[in-house]
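Here is the file target20.cif (mmCIF, C-alpha atoms; chains and numbers go by the auth columns).
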data_upload
loop_
_atom_site.group_PDB
_atom_site.id
_atom_site.type_symbol
_atom_site.label_atom_id
_atom_site.label_comp_id
_atom_site.label_asym_id
_atom_site.label_seq_id
_atom_site.Cartn_x
_atom_site.Cartn_y
_atom_site.Cartn_z
_atom_site.B_iso_or_equiv
_atom_site.auth_seq_id
_atom_site.auth_asym_id
ATOM 1 C CA MET A 1 -11.204 -16.924 160.672 0.00 1 V
ATOM 2 C CA GLY A 2 -10.943 -13.336 159.537 0.00 2 V
ATOM 3 C CA ASP A 3 -10.027 -11.946 156.172 0.00 3 V
ATOM 4 C CA ARG A 4 -6.232 -11.838 156.102 0.00 4 V
ATOM 5 C CA ARG A 5 -6.254 -9.076 153.495 0.00 5 V
ATOM 6 C CA LYS A 6 -7.968 -6.689 155.907 0.00 6 V
ATOM 7 C CA LYS A 7 -5.854 -7.871 158.820 0.00 7 V
ATOM 8 C CA TYR A 8 -2.552 -7.212 157.093 0.00 8 V
ATOM 9 C CA GLY A 9 -3.588 -4.040 155.307 0.00 9 V
ATOM 10 C CA VAL A 10 -3.511 -5.177 151.689 0.00 10 V
ATOM 11 C CA SER A 11 -5.050 -2.455 149.617 0.00 11 V
ATOM 12 C CA PRO A 12 -8.533 -3.417 148.365 0.00 12 V
ATOM 13 C CA ASP A 13 -7.797 -1.620 145.084 0.00 13 V
ATOM 14 C CA MET A 14 -4.803 -3.966 144.589 0.00 14 V
ATOM 15 C CA GLN A 15 -2.261 -1.119 144.482 0.00 15 V
ATOM 16 C CA ALA A 16 0.068 -3.122 146.716 0.00 16 V
ATOM 17 C CA CYS A 17 3.529 -4.119 145.572 0.00 17 V
ATOM 18 C CA PRO A 18 3.322 -7.300 143.426 0.00 18 V
ATOM 19 C CA VAL A 19 5.708 -9.069 145.802 0.00 19 V
ATOM 20 C CA GLU A 20 3.412 -8.195 148.707 0.00 20 V
ATOM 21 C CA THR A 21 0.459 -9.559 146.741 0.00 21 V
ATOM 22 C CA THR A 22 2.307 -12.836 146.053 0.00 22 V
ATOM 23 C CA LEU A 23 3.347 -13.193 149.679 0.00 23 V
ATOM 24 C CA ASP A 24 -0.225 -12.505 150.761 0.00 24 V
ATOM 25 C CA VAL A 25 -1.351 -15.523 148.740 0.00 25 V
ATOM 26 C CA ILE A 26 1.479 -17.987 149.449 0.00 26 V
ATOM 27 C CA GLY A 27 3.093 -16.530 152.572 0.00 27 V
ATOM 28 C CA GLY A 28 3.102 -17.988 156.027 0.00 28 V
ATOM 29 C CA LYS A 29 4.641 -21.064 157.529 0.00 29 V
ATOM 30 C CA TRP A 30 2.516 -23.719 155.817 0.00 30 V
ATOM 31 C CA LYS A 31 1.231 -22.548 152.429 0.00 31 V
ATOM 32 C CA GLY A 32 4.531 -22.906 150.605 0.00 32 V
ATOM 33 C CA ILE A 33 4.965 -26.382 152.066 0.00 33 V
ATOM 34 C CA ILE A 34 1.424 -27.377 151.070 0.00 34 V
ATOM 35 C CA LEU A 35 1.982 -26.088 147.540 0.00 35 V
ATOM 36 C CA TYR A 36 5.332 -27.875 147.266 0.00 36 V
ATOM 37 C CA GLN A 37 3.689 -31.146 148.301 0.00 37 V
ATOM 38 C CA LEU A 38 0.889 -30.660 145.784 0.00 38 V
ATOM 39 C CA LEU A 39 3.405 -30.326 142.939 0.00 39 V
ATOM 40 C CA ASN A 40 3.695 -34.135 143.119 0.00 40 V
ATOM 41 C CA GLY A 41 -0.049 -34.702 142.761 0.00 41 V
ATOM 42 C CA THR A 42 -3.283 -34.713 144.709 0.00 42 V
ATOM 43 C CA LYS A 43 -3.304 -35.114 148.461 0.00 43 V
ATOM 44 C CA ARG A 44 -5.948 -35.904 151.024 0.00 44 V
ATOM 45 C CA PHE A 45 -6.319 -33.993 154.280 0.00 45 V
ATOM 46 C CA ASN A 46 -4.781 -36.740 156.420 0.00 46 V
ATOM 47 C CA GLU A 47 -1.848 -37.058 154.006 0.00 47 V
ATOM 48 C CA PHE A 48 -1.028 -33.423 154.762 0.00 48 V
ATOM 49 C CA ARG A 49 -1.306 -34.184 158.480 0.00 49 V
ATOM 50 C CA ARG A 50 1.144 -37.103 158.137 0.00 50 V
ATOM 51 C CA LEU A 51 3.569 -35.106 156.006 0.00 51 V
ATOM 52 C CA ASN A 52 3.416 -32.096 158.346 0.00 52 V
ATOM 53 C CA PRO A 53 2.996 -33.360 161.908 0.00 53 V
ATOM 54 C CA GLY A 54 3.566 -29.863 163.323 0.00 54 V
ATOM 55 C CA ILE A 55 0.464 -28.348 161.736 0.00 55 V
ATOM 56 C CA THR A 56 -2.777 -28.314 163.674 0.00 56 V
ATOM 57 C CA GLN A 57 -6.023 -29.453 162.099 0.00 57 V
ATOM 58 C CA PHE A 58 -7.389 -25.922 162.464 0.00 58 V
ATOM 59 C CA MET A 59 -4.388 -24.311 160.734 0.00 59 V
ATOM 60 C CA LEU A 60 -4.351 -26.865 157.914 0.00 60 V
ATOM 61 C CA THR A 61 -8.056 -26.279 157.311 0.00 61 V
ATOM 62 C CA LEU A 62 -7.528 -22.510 157.336 0.00 62 V
ATOM 63 C CA GLN A 63 -4.588 -22.639 154.910 0.00 63 V
ATOM 64 C CA LEU A 64 -6.390 -24.988 152.513 0.00 64 V
ATOM 65 C CA ARG A 65 -9.522 -22.811 152.543 0.00 65 V
ATOM 66 C CA GLU A 66 -7.517 -19.663 151.809 0.00 66 V
ATOM 67 C CA LEU A 67 -5.652 -21.343 148.948 0.00 67 V
ATOM 68 C CA GLU A 68 -8.957 -22.633 147.566 0.00 68 V
ATOM 69 C CA ARG A 69 -10.569 -19.205 147.868 0.00 69 V
ATOM 70 C CA ASP A 70 -7.635 -17.653 146.005 0.00 70 V
ATOM 71 C CA GLY A 71 -8.047 -20.148 143.149 0.00 71 V
ATOM 72 C CA ILE A 72 -4.705 -21.849 143.804 0.00 72 V
ATOM 73 C CA ILE A 73 -6.019 -25.271 144.786 0.00 73 V
ATOM 74 C CA HIS A 74 -9.101 -27.303 143.931 0.00 74 V
ATOM 75 C CA ARG A 75 -11.046 -29.264 146.528 0.00 75 V
ATOM 76 C CA GLU A 76 -12.815 -32.330 145.151 0.00 76 V
ATOM 77 C CA ILE A 77 -15.443 -34.046 147.306 0.00 77 V
ATOM 78 C CA TYR A 78 -16.335 -37.608 146.348 0.00 78 V
ATOM 79 C CA LYS A 79 -19.811 -38.808 147.256 0.00 79 V
ATOM 80 C CA GLU A 80 -18.722 -41.910 149.147 0.00 80 V
ATOM 81 C CA VAL A 81 -19.217 -43.241 152.632 0.00 81 V
ATOM 82 C CA PRO A 82 -17.198 -41.928 154.320 0.00 82 V
ATOM 83 C CA PRO A 83 -16.755 -38.913 152.042 0.00 83 V
ATOM 84 C CA ARG A 84 -13.346 -38.587 150.399 0.00 84 V
ATOM 85 C CA VAL A 85 -11.852 -35.142 149.798 0.00 85 V
ATOM 86 C CA GLU A 86 -8.804 -34.526 147.625 0.00 86 V
ATOM 87 C CA TYR A 87 -6.815 -31.373 147.038 0.00 87 V
ATOM 88 C CA SER A 88 -4.935 -30.544 143.850 0.00 88 V
ATOM 89 C CA LEU A 89 -3.402 -27.520 142.193 0.00 89 V
ATOM 90 C CA THR A 90 -5.546 -25.619 139.725 0.00 90 V
ATOM 91 C CA ASP A 91 -4.073 -24.608 136.381 0.00 91 V
ATOM 92 C CA PHE A 92 -3.590 -21.156 137.895 0.00 92 V
ATOM 93 C CA GLY A 93 -1.955 -22.726 140.959 0.00 93 V
ATOM 94 C CA ARG A 94 0.475 -24.578 138.672 0.00 94 V
ATOM 95 C CA THR A 95 1.803 -21.182 137.565 0.00 95 V
ATOM 96 C CA LEU A 96 3.385 -20.952 141.034 0.00 96 V
ATOM 97 C CA GLU A 97 5.598 -23.999 140.359 0.00 97 V
ATOM 98 C CA PRO A 98 8.645 -21.968 139.240 0.00 98 V
ATOM 99 C CA VAL A 99 8.263 -19.733 142.310 0.00 99 V
ATOM 100 C CA ILE A 100 8.042 -22.703 144.689 0.00 100 V
ATOM 101 C CA MET A 101 10.937 -24.517 143.010 0.00 101 V
ATOM 102 C CA SER A 102 13.072 -21.352 143.153 0.00 102 V
ATOM 103 C CA MET A 103 12.313 -21.142 146.868 0.00 103 V
ATOM 104 C CA LYS A 104 13.382 -24.787 147.231 0.00 104 V
ATOM 105 C CA VAL A 105 16.692 -24.169 145.432 0.00 105 V
ATOM 106 C CA TRP A 106 17.343 -21.014 147.467 0.00 106 V
ATOM 107 C CA GLY A 107 16.543 -22.850 150.712 0.00 107 V
ATOM 108 C CA GLU A 108 18.937 -25.665 149.844 0.00 108 V
ATOM 109 C CA SER A 109 21.778 -23.227 149.085 0.00 109 V
ATOM 110 C CA TYR A 110 21.040 -21.269 152.262 0.00 110 V
ATOM 111 C CA LYS A 111 21.246 -24.449 154.348 0.00 111 V
ATOM 112 C CA VAL A 112 24.650 -25.213 152.791 0.00 112 V
ATOM 113 C CA ARG A 113 25.792 -21.670 153.552 0.00 113 V
ATOM 114 C CA LEU A 114 24.658 -21.967 157.182 0.00 114 V
ATOM 115 C CA SER A 115 26.453 -25.278 157.532 0.00 115 V
ATOM 116 C CA GLU A 116 29.658 -23.828 156.076 0.00 116 V
ATOM 117 C CA ASN A 117 29.461 -20.797 158.379 0.00 117 V
ATOM 118 C CA ARG A 118 28.983 -23.025 161.421 0.00 118 V
ATOM 119 C CA THR A 119 31.952 -25.148 160.370 0.00 119 V
ATOM 120 C CA ILE A 120 34.146 -22.038 159.970 0.00 120 V
ATOM 121 C CA GLN A 121 32.968 -20.603 163.288 0.00 121 V
ATOM 122 C CA GLY A 122 33.570 -23.962 164.979 0.00 122 V
ATOM 123 C CA GLU A 123 37.152 -24.022 163.668 0.00 123 V
ATOM 124 C CA GLU A 124 37.808 -20.493 164.952 0.00 124 V
ATOM 125 C CA SER A 125 36.616 -21.269 168.493 0.00 125 V
#
Could you show the structure in this file as structure tokens?
Amino acid sequence: MGDRRKKYGVSPDMQACPVETTLDVIGGKWKGIILYQLLNGTKRFNEFRRLNPGITQFMLTLQLRELERDGIIHREIYKEVPPRVEYSLTDFGRTLEPVIMSMKVWGESYKVRLSENRTIQGEES
């Protein structure tokens, strides 16, 4: 698991475009989904696996670790047998709620637009 900032060329002096910086933190196929699911409260690792059957254990672990490292989520380990681990948004992570909800609204309107375009194209055929 390499450092994604080096891999994708994000400037170490943080001179990158703010949008690029945001996408570096929440971009990718799974992070936005994970964050959206955490808006409703804490989740355990296997809850994420059930909610997202297409994600591998390795990728889920990687995404959660990166979000934790960036201060977006908190990982709480309970000293039980077997150990219980829960993930939640940090106060800083909660500041992403308007961004995630805007993405949700945009995605819903885009799906409607696609559906309408397919209907129109189907009528023209």
Worksheet item: If you apply the PyMOL selection byres ((chain V and resi 47-51) around 10) to this file, what residues do you get, as a ChimeraX atom specification?
Response: /V:33-34,37-38,42-46,52-57,60,86-87
Discussion item. Quick check, in Å to one decimal: how far apart do atom CA of Glu97 of chain V and atom CA of Val25 of chain V lie?
Written reply: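 Pair atom CA of Glu97 of chain V / atom CA of Val25 of chain V returns 13.8 Å.
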Fill in: Atom pair atom CA of Thr90 of chain V / atom CA of His74 of chain V: separation (Å)
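Atom CA of His74 of chain V lies 5.8 Å from atom CA of Thr90 of chain V.
From atom CA of Arg65 of chain V back to atom CA of Pro98 of chain V, the distance works out to 22.5 Å.
Within 12 Å of Met101 of chain V, once all atoms listed in the file are used and residues closer than 2 positions along the same chain are dropped, the contacting residues are Gly32, Ile33, Leu35, Tyr36, Gln37, Leu39, Arg94, Thr95, Leu96, Glu97, Pro98, Val99, Met103, Lys104, Val105, Trp106, Gly107 and Glu108 of chain V.
Excluding Leu67 of chain V itself and any same-chain residue fewer than 3 positions from it, the protein and nucleic acid residues within 9 Å of it, counting only C-alpha atoms, are Val25, Ile26, Lys31, Leu62, Gln63, Leu64, Asp70, Gly71, Ile72, Ile73, His74 and Gly93 of chain V.
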Kindly provide, as AutoDock Vina command-line options, the centre and edge lengths (Å, one decimal) of an axis-aligned box around all atoms of segment 15-30 of chain V given in the file, with 5 Å on each side.
--center_x 1.7 --center_y -12.4 --center_z 150.5 --size_x 18.0 --size_y 32.6 --size_z 24.1
Fill in: Best match for closeness to Gly28 of chain V among V:Glu66, V:Ile77, V:Asn40, V:Gln15, counting all atoms listed in the file
V:Glu66
